[in-house]
Amino acid sequence: MSKSAQPNVSRALFDQVMVPNYSPGTMIPVRGEGSHVWDQNGKEYIDFAGGIAVSALGHTHPALVSALTRQAQQLWHVSNVLTNEPALRLAKALVECTFADKVFFANSGGEANEAAFKLARRYAWEHYGSQKNEIISFYNSFHGRTLFTVSVGGQKKYTEGFAPVPEGIRHATYNDIDSLKALISERTCAVVIEPVLGEGGVVSADHAFLTAARKLCDQHNALLVFDEVQTGLGRTGSLYAYMNSGIVPDILTTAKALGGGFPIGAMLTSDACAASLSVGTHGSTYGGNPLGCAVAEALLQEVNRPELLAGVTHKGARIKEGLHALNDQFGLFKEIRGEGLLVGGELNAAWQDQAKAIMTAACEQGLMILIAGPNVLRIAPSLIIPDADIDLGLQRLALAIEALS
Ligand code: PLP
């Protein structure tokens, strides 16, 4: 064990010095390499969690380490009073590989969404008047934890006790076009959709639903916003999930995997929409800082390759096959679903509310895995996880379930 891995701080310290809004597991990870992580005691884990769909290239990928260390020796921060080379290069690369003409940089998914929602309101205000301010999103969606994004999100528990919340937000039922039709009107400035509900249980949007939503937005002069914070950067097998569907949004938000673990987010949009965020209307001290942009530039270069993206589809299928085999053995799942390497397994009645217990048992067996609500196991590993690590992780999951059965 290296000196830096000596356990001189413990999980107990968390409860003494940290605000209790999280309840982290008992082990403290100290080192990662590829799809492997080691804790303070030197115990090794397979990482099926990817830091919640963030570590797209696994841990300490040489291209990212090199981009970060190179930039760290050159320039860390200048603020948006000046621009910087990595931000310009990254924005150009994002524009070149997506529908977008313009980019706004933020530090997280929540901030990218905050920018998207503000832009949607501002655009409508400028073009149609202040009465056009309603944002429609969907029950069970998740868009971040700022007061605006948590209010747009469709999970009531996250706004409890935080009233008064922003007004002008309506919620429709995901994949139910009639429910969107019932709410959309000339007052609607934006419809916000996650192409796959991530936190909401790994549920994919139907193609017909996305097509109809695009049409309704056009009919009502509302902007279509895709929140691709979780689905972006190859997670579903294409660079962005909208590319699979062929439905092009007006605004797209991306974060999580964009920095592969270094905090960065971005909002992408068209020239026509971008014009509404004129000088002074929005901003961020750190958004587009050289360190984050240098890492994201390297990550985008690595991820946006046909071989890597094809690998995502193949690896996702391998994981699903493994989960089906587990299901045959243990009778665990009602449904196994998801796109690419965003895989969900919804537990059946016999395992009701046991997702967290399975996650904890998996950790004991040396597997980091995610949940999405009390009944869904979620897997969102590195996009380049070796097949051997997938198989080993699935074996450990089987041991965890055996221990619980
Ligand atoms: N949007 C989606 C779809 C997400 O999954 C998340 C995080 O889970 C967010 C937004 C918020 O991102 P962040 O935690 O970086 O603010």
# chains A, B, ... in the order shown; residues from 1 in each chain; ligands from 1
>>> residues_around(residues="Val303 of chain A", least_positions_apart="5", cutoff="9 Å", atoms="only C-alpha atoms", output="PDB file with all heavy atoms, in the first residue's frame")
ATOM      1  N   ALA A  56     -16.092   8.069 -18.229  1.00  0.00           N
ATOM      2  CA  ALA A  56     -16.302   7.419 -19.526  1.00  0.00           C
ATOM      3  C   ALA A  56     -15.069   6.658 -19.994  1.00  0.00           C
ATOM      4  O   ALA A  56     -15.181   5.699 -20.758  1.00  0.00           O
ATOM      5  CB  ALA A  56     -16.697   8.457 -20.566  1.00  0.00           C
ATOM      6  N   LEU A  57     -13.900   7.097 -19.567  1.00  0.00           N
ATOM      7  CA  LEU A  57     -12.676   6.400 -19.978  1.00  0.00           C
ATOM      8  C   LEU A  57     -12.035   5.693 -18.783  1.00  0.00           C
ATOM      9  O   LEU A  57     -10.827   5.451 -18.758  1.00  0.00           O
ATOM     10  CB  LEU A  57     -11.690   7.387 -20.611  1.00  0.00           C
ATOM     11  CG  LEU A  57     -12.162   8.021 -21.933  1.00  0.00           C
ATOM     12  CD1 LEU A  57     -11.159   9.063 -22.420  1.00  0.00           C
ATOM     13  CD2 LEU A  57     -12.379   6.955 -23.015  1.00  0.00           C
ATOM     14  N   LEU A 233     -21.901  11.857 -24.600  1.00  0.00           N
ATOM     15  CA  LEU A 233     -20.517  11.374 -24.745  1.00  0.00           C
ATOM     16  C   LEU A 233     -20.445   9.858 -24.865  1.00  0.00           C
ATOM     17  O   LEU A 233     -19.655   9.201 -24.182  1.00  0.00           O
ATOM     18  CB  LEU A 233     -19.657  11.862 -23.566  1.00  0.00           C
ATOM     19  CG  LEU A 233     -19.104  13.293 -23.610  1.00  0.00           C
ATOM     20  CD1 LEU A 233     -18.372  13.595 -24.905  1.00  0.00           C
ATOM     21  CD2 LEU A 233     -20.123  14.344 -23.369  1.00  0.00           C
ATOM     22  N   GLY A 234     -21.262   9.308 -25.747  1.00  0.00           N
ATOM     23  CA  GLY A 234     -21.119   7.897 -26.100  1.00  0.00           C
ATOM     24  C   GLY A 234     -21.856   6.916 -25.223  1.00  0.00           C
ATOM     25  O   GLY A 234     -21.893   5.718 -25.532  1.00  0.00           O
ATOM     26  N   LEU A 239     -22.567   9.388 -30.104  1.00  0.00           N
ATOM     27  CA  LEU A 239     -21.921  10.440 -29.323  1.00  0.00           C
ATOM     28  C   LEU A 239     -22.945  11.116 -28.403  1.00  0.00           C
ATOM     29  O   LEU A 239     -22.709  11.276 -27.208  1.00  0.00           O
ATOM     30  CB  LEU A 239     -21.254  11.478 -30.237  1.00  0.00           C
ATOM     31  CG  LEU A 239     -20.462  12.539 -29.476  1.00  0.00           C
ATOM     32  CD1 LEU A 239     -19.278  11.934 -28.730  1.00  0.00           C
ATOM     33  CD2 LEU A 239     -20.005  13.653 -30.411  1.00  0.00           C
ATOM     34  N   ALA A 298      -9.613  16.387 -24.731  1.00  0.00           N
ATOM     35  CA  ALA A 298      -8.959  15.077 -24.892  1.00  0.00           C
ATOM     36  C   ALA A 298      -9.989  13.959 -24.835  1.00  0.00           C
ATOM     37  O   ALA A 298      -9.928  12.993 -25.614  1.00  0.00           O
ATOM     38  CB  ALA A 298      -7.902  14.888 -23.805  1.00  0.00           C
ATOM     39  N   LEU A 308     -14.794   2.981 -30.746  1.00  0.00           N
ATOM     40  CA  LEU A 308     -15.166   3.079 -29.331  1.00  0.00           C
ATOM     41  C   LEU A 308     -16.683   3.016 -29.191  1.00  0.00           C
ATOM     42  O   LEU A 308     -17.219   2.291 -28.348  1.00  0.00           O
ATOM     43  CB  LEU A 308     -14.621   4.369 -28.717  1.00  0.00           C
ATOM     44  CG  LEU A 308     -14.860   4.474 -27.203  1.00  0.00           C
ATOM     45  CD1 LEU A 308     -13.679   5.098 -26.485  1.00  0.00           C
ATOM     46  CD2 LEU A 308     -16.141   5.203 -26.847  1.00  0.00           C
ATOM     47  N   LEU A 309     -17.397   3.746 -30.048  1.00  0.00           N
ATOM     48  CA  LEU A 309     -18.860   3.795 -29.933  1.00  0.00           C
ATOM     49  C   LEU A 309     -19.479   2.427 -30.239  1.00  0.00           C
ATOM     50  O   LEU A 309     -20.435   2.001 -29.578  1.00  0.00           O
ATOM     51  CB  LEU A 309     -19.425   4.889 -30.848  1.00  0.00           C
ATOM     52  CG  LEU A 309     -18.995   6.319 -30.449  1.00  0.00           C
ATOM     53  CD1 LEU A 309     -19.413   7.329 -31.509  1.00  0.00           C
ATOM     54  CD2 LEU A 309     -19.549   6.716 -29.083  1.00  0.00           C
ATOM     55  N   LEU A 383     -16.724   3.384 -20.710  1.00  0.00           N
ATOM     56  CA  LEU A 383     -17.120   2.957 -22.063  1.00  0.00           C
ATOM     57  C   LEU A 383     -16.096   1.988 -22.655  1.00  0.00           C
ATOM     58  O   LEU A 383     -16.362   1.354 -23.680  1.00  0.00           O
ATOM     59  CB  LEU A 383     -17.277   4.180 -22.981  1.00  0.00           C
ATOM     60  CG  LEU A 383     -18.219   5.289 -22.497  1.00  0.00           C
ATOM     61  CD1 LEU A 383     -18.327   6.398 -23.542  1.00  0.00           C
ATOM     62  CD2 LEU A 383     -19.603   4.746 -22.162  1.00  0.00           C
TER      63      LEU A 383
END
>>> residues_near_ligand(ligand="ligand 1", cutoff="10 Å", atoms="only C-alpha atoms and all ligand atoms", output="PyMOL selection string")
chain A and resi 52-54+106-114+141-146+149-150+153+193-200+226-232+253-257+263-265
>>> select_by_dssp(residues="segment 158-336 of chain A", states="alpha helix (DSSP H)", output="mmCIF file with N, CA, C and O atoms, in the first residue's frame")
data_model
loop_
_atom_site.group_PDB
_atom_site.id
_atom_site.type_symbol
_atom_site.label_atom_id
_atom_site.label_comp_id
_atom_site.auth_asym_id
_atom_site.auth_seq_id
_atom_site.Cartn_x
_atom_site.Cartn_y
_atom_site.Cartn_z
ATOM 1 N N ILE A 177 -47.656 11.043 -25.164
ATOM 2 C CA ILE A 177 -47.742 12.271 -25.957
ATOM 3 C C ILE A 177 -49.048 13.017 -25.685
ATOM 4 O O ILE A 177 -49.084 14.252 -25.736
ATOM 5 N N ASP A 178 -50.116 12.282 -25.351
ATOM 6 C CA ASP A 178 -51.388 12.962 -25.055
ATOM 7 C C ASP A 178 -51.255 13.843 -23.825
ATOM 8 O O ASP A 178 -51.847 14.917 -23.743
ATOM 9 N N SER A 179 -50.459 13.378 -22.870
ATOM 10 C CA SER A 179 -50.297 14.174 -21.647
ATOM 11 C C SER A 179 -49.493 15.452 -21.948
ATOM 12 O O SER A 179 -49.766 16.505 -21.376
ATOM 13 N N LEU A 180 -48.560 15.374 -22.871
ATOM 14 C CA LEU A 180 -47.830 16.587 -23.279
ATOM 15 C C LEU A 180 -48.754 17.507 -24.078
ATOM 16 O O LEU A 180 -48.783 18.724 -23.867
ATOM 17 N N LYS A 181 -49.540 16.900 -24.954
ATOM 18 C CA LYS A 181 -50.490 17.663 -25.778
ATOM 19 C C LYS A 181 -51.453 18.456 -24.896
ATOM 20 O O LYS A 181 -51.824 19.591 -25.199
ATOM 21 N N ALA A 182 -51.840 17.855 -23.783
ATOM 22 C CA ALA A 182 -52.811 18.503 -22.889
ATOM 23 C C ALA A 182 -52.209 19.734 -22.201
ATOM 24 O O ALA A 182 -52.942 20.636 -21.801
ATOM 25 N N LEU A 183 -50.897 19.758 -22.051
ATOM 26 C CA LEU A 183 -50.270 20.864 -21.305
ATOM 27 C C LEU A 183 -49.671 21.941 -22.200
ATOM 28 O O LEU A 183 -49.578 23.106 -21.816
ATOM 29 N N HIS A 207 -39.338 6.397 -29.781
ATOM 30 C CA HIS A 207 -39.042 7.226 -30.947
ATOM 31 C C HIS A 207 -40.268 8.043 -31.352
ATOM 32 O O HIS A 207 -40.179 9.238 -31.663
ATOM 33 N N ALA A 208 -41.437 7.408 -31.313
ATOM 34 C CA ALA A 208 -42.682 8.105 -31.702
ATOM 35 C C ALA A 208 -42.950 9.278 -30.760
ATOM 36 O O ALA A 208 -43.439 10.329 -31.186
ATOM 37 N N PHE A 209 -42.630 9.101 -29.494
ATOM 38 C CA PHE A 209 -42.842 10.165 -28.496
ATOM 39 C C PHE A 209 -41.938 11.365 -28.792
ATOM 40 O O PHE A 209 -42.387 12.516 -28.793
ATOM 41 N N LEU A 210 -40.674 11.085 -29.093
ATOM 42 C CA LEU A 210 -39.732 12.178 -29.387
ATOM 43 C C LEU A 210 -40.143 12.906 -30.671
ATOM 44 O O LEU A 210 -40.095 14.139 -30.744
ATOM 45 N N THR A 211 -40.549 12.127 -31.677
ATOM 46 C CA THR A 211 -40.974 12.728 -32.949
ATOM 47 C C THR A 211 -42.177 13.639 -32.715
ATOM 48 O O THR A 211 -42.207 14.783 -33.205
ATOM 49 N N ALA A 212 -43.144 13.156 -31.966
ATOM 50 C CA ALA A 212 -44.363 13.945 -31.721
ATOM 51 C C ALA A 212 -44.051 15.161 -30.853
ATOM 52 O O ALA A 212 -44.631 16.240 -31.052
ATOM 53 N N ALA A 213 -43.122 15.005 -29.904
ATOM 54 C CA ALA A 213 -42.755 16.140 -29.036
ATOM 55 C C ALA A 213 -42.101 17.243 -29.871
ATOM 56 O O ALA A 213 -42.391 18.434 -29.691
ATOM 57 N N ARG A 214 -41.236 16.831 -30.803
ATOM 58 C CA ARG A 214 -40.587 17.814 -31.696
ATOM 59 C C ARG A 214 -41.661 18.585 -32.494
ATOM 60 O O ARG A 214 -41.600 19.800 -32.615
ATOM 61 N N LYS A 215 -42.626 17.854 -32.994
ATOM 62 C CA LYS A 215 -43.682 18.451 -33.815
ATOM 63 C C LYS A 215 -44.524 19.433 -32.978
ATOM 64 O O LYS A 215 -44.808 20.551 -33.409
ATOM 65 N N LEU A 216 -44.867 19.003 -31.764
ATOM 66 C CA LEU A 216 -45.674 19.876 -30.892
ATOM 67 C C LEU A 216 -44.913 21.160 -30.558
ATOM 68 O O LEU A 216 -45.492 22.247 -30.521
ATOM 69 N N CYS A 217 -43.604 21.026 -30.299
ATOM 70 C CA CYS A 217 -42.782 22.207 -29.994
ATOM 71 C C CYS A 217 -42.810 23.169 -31.184
ATOM 72 O O CYS A 217 -42.986 24.378 -31.009
ATOM 73 N N ASP A 218 -42.660 22.626 -32.387
ATOM 74 C CA ASP A 218 -42.658 23.477 -33.583
ATOM 75 C C ASP A 218 -44.009 24.178 -33.754
ATOM 76 O O ASP A 218 -44.071 25.363 -34.068
ATOM 77 N N GLN A 219 -45.074 23.427 -33.500
ATOM 78 C CA GLN A 219 -46.419 24.012 -33.661
ATOM 79 C C GLN A 219 -46.666 25.152 -32.680
ATOM 80 O O GLN A 219 -47.421 26.072 -32.974
ATOM 81 N N ALA A 241 -27.327 10.900 -27.595
ATOM 82 C CA ALA A 241 -28.468 10.002 -27.843
ATOM 83 C C ALA A 241 -29.369 10.539 -28.950
ATOM 84 O O ALA A 241 -29.986 9.755 -29.668
ATOM 85 N N TYR A 242 -29.439 11.889 -29.091
ATOM 86 C CA TYR A 242 -30.325 12.428 -30.136
ATOM 87 C C TYR A 242 -29.893 11.942 -31.516
ATOM 88 O O TYR A 242 -30.699 11.837 -32.433
ATOM 89 N N MET A 243 -28.612 11.600 -31.671
ATOM 90 C CA MET A 243 -28.102 11.156 -32.973
ATOM 91 C C MET A 243 -28.680 9.788 -33.347
ATOM 92 O O MET A 243 -28.812 9.467 -34.519
ATOM 93 N N ASN A 244 -29.002 8.980 -32.339
ATOM 94 C CA ASN A 244 -29.664 7.688 -32.586
ATOM 95 C C ASN A 244 -31.085 7.895 -33.044
ATOM 96 O O ASN A 244 -31.591 7.152 -33.879
ATOM 97 N N SER A 245 -31.736 8.908 -32.451
ATOM 98 C CA SER A 245 -33.178 9.082 -32.686
ATOM 99 C C SER A 245 -33.442 9.867 -33.962
ATOM 100 O O SER A 245 -34.522 9.769 -34.534
ATOM 101 N N ASP A 271 -27.446 29.179 -33.463
ATOM 102 C CA ASP A 271 -27.157 30.623 -33.524
ATOM 103 C C ASP A 271 -28.379 31.434 -33.123
ATOM 104 O O ASP A 271 -28.279 32.398 -32.355
ATOM 105 N N ALA A 272 -29.548 31.023 -33.652
ATOM 106 C CA ALA A 272 -30.775 31.798 -33.427
ATOM 107 C C ALA A 272 -31.106 31.888 -31.941
ATOM 108 O O ALA A 272 -31.462 32.959 -31.435
ATOM 109 N N CYS A 273 -30.981 30.775 -31.218
ATOM 110 C CA CYS A 273 -31.291 30.786 -29.776
ATOM 111 C C CYS A 273 -30.184 31.492 -29.000
ATOM 112 O O CYS A 273 -30.462 32.288 -28.082
ATOM 113 N N ALA A 274 -28.941 31.191 -29.358
ATOM 114 C CA ALA A 274 -27.805 31.728 -28.600
ATOM 115 C C ALA A 274 -27.845 33.251 -28.520
ATOM 116 O O ALA A 274 -27.438 33.840 -27.514
ATOM 117 N N PRO A 290 -9.670 26.690 -18.232
ATOM 118 C CA PRO A 290 -8.730 25.950 -19.097
ATOM 119 C C PRO A 290 -8.500 24.498 -18.687
ATOM 120 O O PRO A 290 -8.348 23.636 -19.564
ATOM 121 N N LEU A 291 -8.496 24.211 -17.389
ATOM 122 C CA LEU A 291 -8.226 22.830 -16.960
ATOM 123 C C LEU A 291 -9.339 21.892 -17.427
ATOM 124 O O LEU A 291 -9.082 20.867 -18.060
ATOM 125 N N GLY A 292 -10.578 22.260 -17.120
ATOM 126 C CA GLY A 292 -11.720 21.423 -17.503
ATOM 127 C C GLY A 292 -11.802 21.267 -19.008
ATOM 128 O O GLY A 292 -12.070 20.173 -19.528
ATOM 129 N N CYS A 293 -11.593 22.360 -19.722
ATOM 130 C CA CYS A 293 -11.731 22.312 -21.183
ATOM 131 C C CYS A 293 -10.621 21.470 -21.817
ATOM 132 O O CYS A 293 -10.868 20.753 -22.795
ATOM 133 N N ALA A 294 -9.428 21.537 -21.269
ATOM 134 C CA ALA A 294 -8.331 20.731 -21.820
ATOM 135 C C ALA A 294 -8.629 19.243 -21.649
ATOM 136 O O ALA A 294 -8.423 18.438 -22.573
ATOM 137 N N VAL A 295 -9.160 18.876 -20.483
ATOM 138 C CA VAL A 295 -9.491 17.467 -20.240
ATOM 139 C C VAL A 295 -10.626 17.038 -21.169
ATOM 140 O O VAL A 295 -10.574 15.978 -21.801
ATOM 141 N N ALA A 296 -11.663 17.887 -21.273
ATOM 142 C CA ALA A 296 -12.831 17.532 -22.100
ATOM 143 C C ALA A 296 -12.454 17.416 -23.575
ATOM 144 O O ALA A 296 -12.988 16.566 -24.292
ATOM 145 N N GLU A 297 -11.546 18.252 -23.998
ATOM 146 C CA GLU A 297 -11.095 18.187 -25.398
ATOM 147 C C GLU A 297 -10.456 16.815 -25.671
ATOM 148 O O GLU A 297 -10.744 16.169 -26.681
ATOM 149 N N ALA A 298 -9.613 16.387 -24.731
ATOM 150 C CA ALA A 298 -8.959 15.077 -24.892
ATOM 151 C C ALA A 298 -9.989 13.959 -24.835
ATOM 152 O O ALA A 298 -9.928 12.993 -25.614
ATOM 153 N N LEU A 299 -10.959 14.094 -23.921
ATOM 154 C CA LEU A 299 -11.965 13.037 -23.789
ATOM 155 C C LEU A 299 -12.814 12.918 -25.051
ATOM 156 O O LEU A 299 -13.057 11.814 -25.557
ATOM 157 N N LEU A 300 -13.237 14.064 -25.567
ATOM 158 C CA LEU A 300 -14.076 14.054 -26.771
ATOM 159 C C LEU A 300 -13.340 13.385 -27.933
ATOM 160 O O LEU A 300 -13.917 12.582 -28.676
ATOM 161 N N GLN A 301 -12.064 13.692 -28.045
ATOM 162 C CA GLN A 301 -11.254 13.092 -29.121
ATOM 163 C C GLN A 301 -11.216 11.573 -29.002
ATOM 164 O O GLN A 301 -11.315 10.851 -29.977
ATOM 165 N N GLU A 302 -11.068 11.088 -27.755
ATOM 166 C CA GLU A 302 -10.994 9.638 -27.522
ATOM 167 C C GLU A 302 -12.336 8.957 -27.774
ATOM 168 O O GLU A 302 -12.395 7.870 -28.348
ATOM 169 N N VAL A 303 -13.408 9.610 -27.281
ATOM 170 C CA VAL A 303 -14.720 8.958 -27.300
ATOM 171 C C VAL A 303 -15.349 8.982 -28.688
ATOM 172 O O VAL A 303 -15.989 8.010 -29.103
ATOM 173 N N PRO A 306 -15.560 5.779 -34.147
ATOM 174 C CA PRO A 306 -16.525 4.712 -34.440
ATOM 175 C C PRO A 306 -16.232 3.416 -33.681
ATOM 176 O O PRO A 306 -17.158 2.755 -33.205
ATOM 177 N N GLU A 307 -14.932 3.058 -33.534
ATOM 178 C CA GLU A 307 -14.603 1.786 -32.859
ATOM 179 C C GLU A 307 -15.054 1.833 -31.403
ATOM 180 O O GLU A 307 -15.614 0.876 -30.876
ATOM 181 N N LEU A 308 -14.794 2.981 -30.746
ATOM 182 C CA LEU A 308 -15.166 3.079 -29.331
ATOM 183 C C LEU A 308 -16.683 3.016 -29.191
ATOM 184 O O LEU A 308 -17.219 2.291 -28.348
ATOM 185 N N LEU A 309 -17.397 3.746 -30.048
ATOM 186 C CA LEU A 309 -18.860 3.795 -29.933
ATOM 187 C C LEU A 309 -19.479 2.427 -30.239
ATOM 188 O O LEU A 309 -20.435 2.001 -29.578
ATOM 189 N N ALA A 310 -18.894 1.717 -31.214
ATOM 190 C CA ALA A 310 -19.393 0.367 -31.513
ATOM 191 C C ALA A 310 -19.159 -0.543 -30.306
ATOM 192 O O ALA A 310 -19.993 -1.408 -29.982
ATOM 193 N N GLY A 311 -18.037 -0.331 -29.630
ATOM 194 C CA GLY A 311 -17.716 -1.120 -28.435
ATOM 195 C C GLY A 311 -18.757 -0.923 -27.338
ATOM 196 O O GLY A 311 -19.073 -1.858 -26.598
ATOM 197 N N VAL A 312 -19.299 0.283 -27.239
ATOM 198 C CA VAL A 312 -20.302 0.563 -26.209
ATOM 199 C C VAL A 312 -21.524 -0.339 -26.419
ATOM 200 O O VAL A 312 -22.044 -0.944 -25.474
ATOM 201 N N THR A 313 -21.960 -0.436 -27.660
ATOM 202 C CA THR A 313 -23.136 -1.255 -27.968
ATOM 203 C C THR A 313 -22.847 -2.727 -27.646
ATOM 204 O O THR A 313 -23.656 -3.411 -27.010
ATOM 205 N N HIS A 314 -21.672 -3.179 -28.055
ATOM 206 C CA HIS A 314 -21.286 -4.574 -27.820
ATOM 207 C C HIS A 314 -21.186 -4.870 -26.308
ATOM 208 O O HIS A 314 -21.694 -5.875 -25.819
ATOM 209 N N LYS A 315 -20.564 -3.955 -25.571
ATOM 210 C CA LYS A 315 -20.369 -4.183 -24.124
ATOM 211 C C LYS A 315 -21.700 -4.105 -23.377
ATOM 212 O O LYS A 315 -21.943 -4.845 -22.423
ATOM 213 N N GLY A 316 -22.570 -3.179 -23.841
ATOM 214 C CA GLY A 316 -23.896 -3.079 -23.226
ATOM 215 C C GLY A 316 -24.662 -4.382 -23.393
ATOM 216 O O GLY A 316 -25.318 -4.870 -22.468
ATOM 217 N N ALA A 317 -24.558 -4.961 -24.599
ATOM 218 C CA ALA A 317 -25.257 -6.229 -24.871
ATOM 219 C C ALA A 317 -24.694 -7.342 -23.988
ATOM 220 O O ALA A 317 -25.434 -8.194 -23.481
ATOM 221 N N ARG A 318 -23.371 -7.322 -23.772
ATOM 222 C CA ARG A 318 -22.736 -8.349 -22.929
ATOM 223 C C ARG A 318 -23.254 -8.252 -21.487
ATOM 224 O O ARG A 318 -23.519 -9.259 -20.831
ATOM 225 N N ILE A 319 -23.387 -7.013 -20.996
ATOM 226 C CA ILE A 319 -23.894 -6.825 -19.635
ATOM 227 C C ILE A 319 -25.345 -7.305 -19.544
ATOM 228 O O ILE A 319 -25.719 -8.014 -18.600
ATOM 229 N N LYS A 320 -26.140 -6.949 -20.545
ATOM 230 C CA LYS A 320 -27.556 -7.375 -20.512
ATOM 231 C C LYS A 320 -27.661 -8.903 -20.530
ATOM 232 O O LYS A 320 -28.455 -9.482 -19.796
ATOM 233 N N GLU A 321 -26.819 -9.530 -21.372
ATOM 234 C CA GLU A 321 -26.811 -11.012 -21.405
ATOM 235 C C GLU A 321 -26.501 -11.574 -20.028
ATOM 236 O O GLU A 321 -27.135 -12.502 -19.557
ATOM 237 N N GLY A 322 -25.503 -10.967 -19.382
ATOM 238 C CA GLY A 322 -25.107 -11.406 -18.040
ATOM 239 C C GLY A 322 -26.247 -11.238 -17.049
ATOM 240 O O GLY A 322 -26.474 -12.107 -16.191
ATOM 241 N N LEU A 323 -26.971 -10.130 -17.155
ATOM 242 C CA LEU A 323 -28.086 -9.893 -16.234
ATOM 243 C C LEU A 323 -29.215 -10.891 -16.492
ATOM 244 O O LEU A 323 -29.869 -11.367 -15.553
ATOM 245 N N HIS A 324 -29.425 -11.222 -17.769
ATOM 246 C CA HIS A 324 -30.449 -12.236 -18.084
ATOM 247 C C HIS A 324 -30.059 -13.588 -17.478
ATOM 248 O O HIS A 324 -30.908 -14.299 -16.934
ATOM 249 N N ALA A 325 -28.758 -13.902 -17.546
ATOM 250 C CA ALA A 325 -28.295 -15.174 -16.962
ATOM 251 C C ALA A 325 -28.513 -15.160 -15.441
ATOM 252 O O ALA A 325 -28.966 -16.157 -14.857
ATOM 253 N N LEU A 326 -28.215 -14.011 -14.807
ATOM 254 C CA LEU A 326 -28.456 -13.884 -13.358
ATOM 255 C C LEU A 326 -29.935 -14.066 -13.044
ATOM 256 O O LEU A 326 -30.311 -14.675 -12.042
ATOM 257 N N ASN A 327 -30.750 -13.506 -13.933
ATOM 258 C CA ASN A 327 -32.197 -13.592 -13.742
ATOM 259 C C ASN A 327 -32.670 -15.044 -13.814
ATOM 260 O O ASN A 327 -33.521 -15.461 -13.036
ATOM 261 N N ASP A 328 -32.084 -15.804 -14.758
ATOM 262 C CA ASP A 328 -32.449 -17.220 -14.862
ATOM 263 C C ASP A 328 -32.105 -17.952 -13.570
ATOM 264 O O ASP A 328 -32.820 -18.839 -13.125
ATOM 265 N N GLN A 329 -30.974 -17.534 -12.969
ATOM 266 C CA GLN A 329 -30.487 -18.217 -11.769
ATOM 267 C C GLN A 329 -31.262 -17.801 -10.512
ATOM 268 O O GLN A 329 -31.584 -18.632 -9.674
ATOM 269 N N PHE A 330 -31.532 -16.491 -10.396
ATOM 270 C CA PHE A 330 -32.065 -15.986 -9.119
ATOM 271 C C PHE A 330 -33.491 -15.415 -9.191
ATOM 272 O O PHE A 330 -34.044 -15.048 -8.157
#
>>> select_by_dssp(residues="segment 43-223 of chain A", states="strand (DSSP E or B)", output="ChimeraX atom specification")
/A:44-47,59,102-106,134-138,169-172,188-193,196-197,203-204,223
>>> closest_residue(among="A:Thr281, A:Gln354, A:Ser55, A:Asn175", to="Gly260 of chain A", atoms="only C-alpha atoms")
A:Ser55
>>> closest_residue(among="A:Ala72, A:Ala205, A:Leu90, A:Ala49", to="Leu370 of chain A", atoms="only C-alpha atoms")
A:Ala49
>>> atom_distance(atom1="atom CA of Leu268 of chain A", atom2="atom CA of Ala172 of chain A")
24.3 Å
>>> closest_residue(among="A:Leu397, A:Leu277, A:Ala222, A:Met368", to="Ile28 of chain A", atoms="only C-alpha atoms")
A:Met368
>>> atom_distance(atom1="atom CA of Asp387 of chain A", atom2="atom CA of Ile336 of chain A")
19.2 Å
>>> residues_around(residues="segment 340-346 of chain A", least_positions_apart="6", cutoff="6 Å", atoms="only C-alpha atoms", output="list of chain:residue names")
A:Val202, A:Arg235, A:Thr236, A:Gly237, A:Val312, A:Thr313, A:Gly316, A:Phe333, A:Lys334, A:Asn375, A:Val376, A:Leu377, A:Arg378, A:Ile379, A:Ala380
>>> closest_residue(among="A:Gly129, A:Pro20, A:Gly201, A:Pro166", to="Ala372 of chain A", atoms="only C-alpha atoms")
A:Gly201
>>> atom_distance(atom1="atom CA of Met267 of chain A", atom2="atom CA of Tyr22 of chain A")
27.3 Å
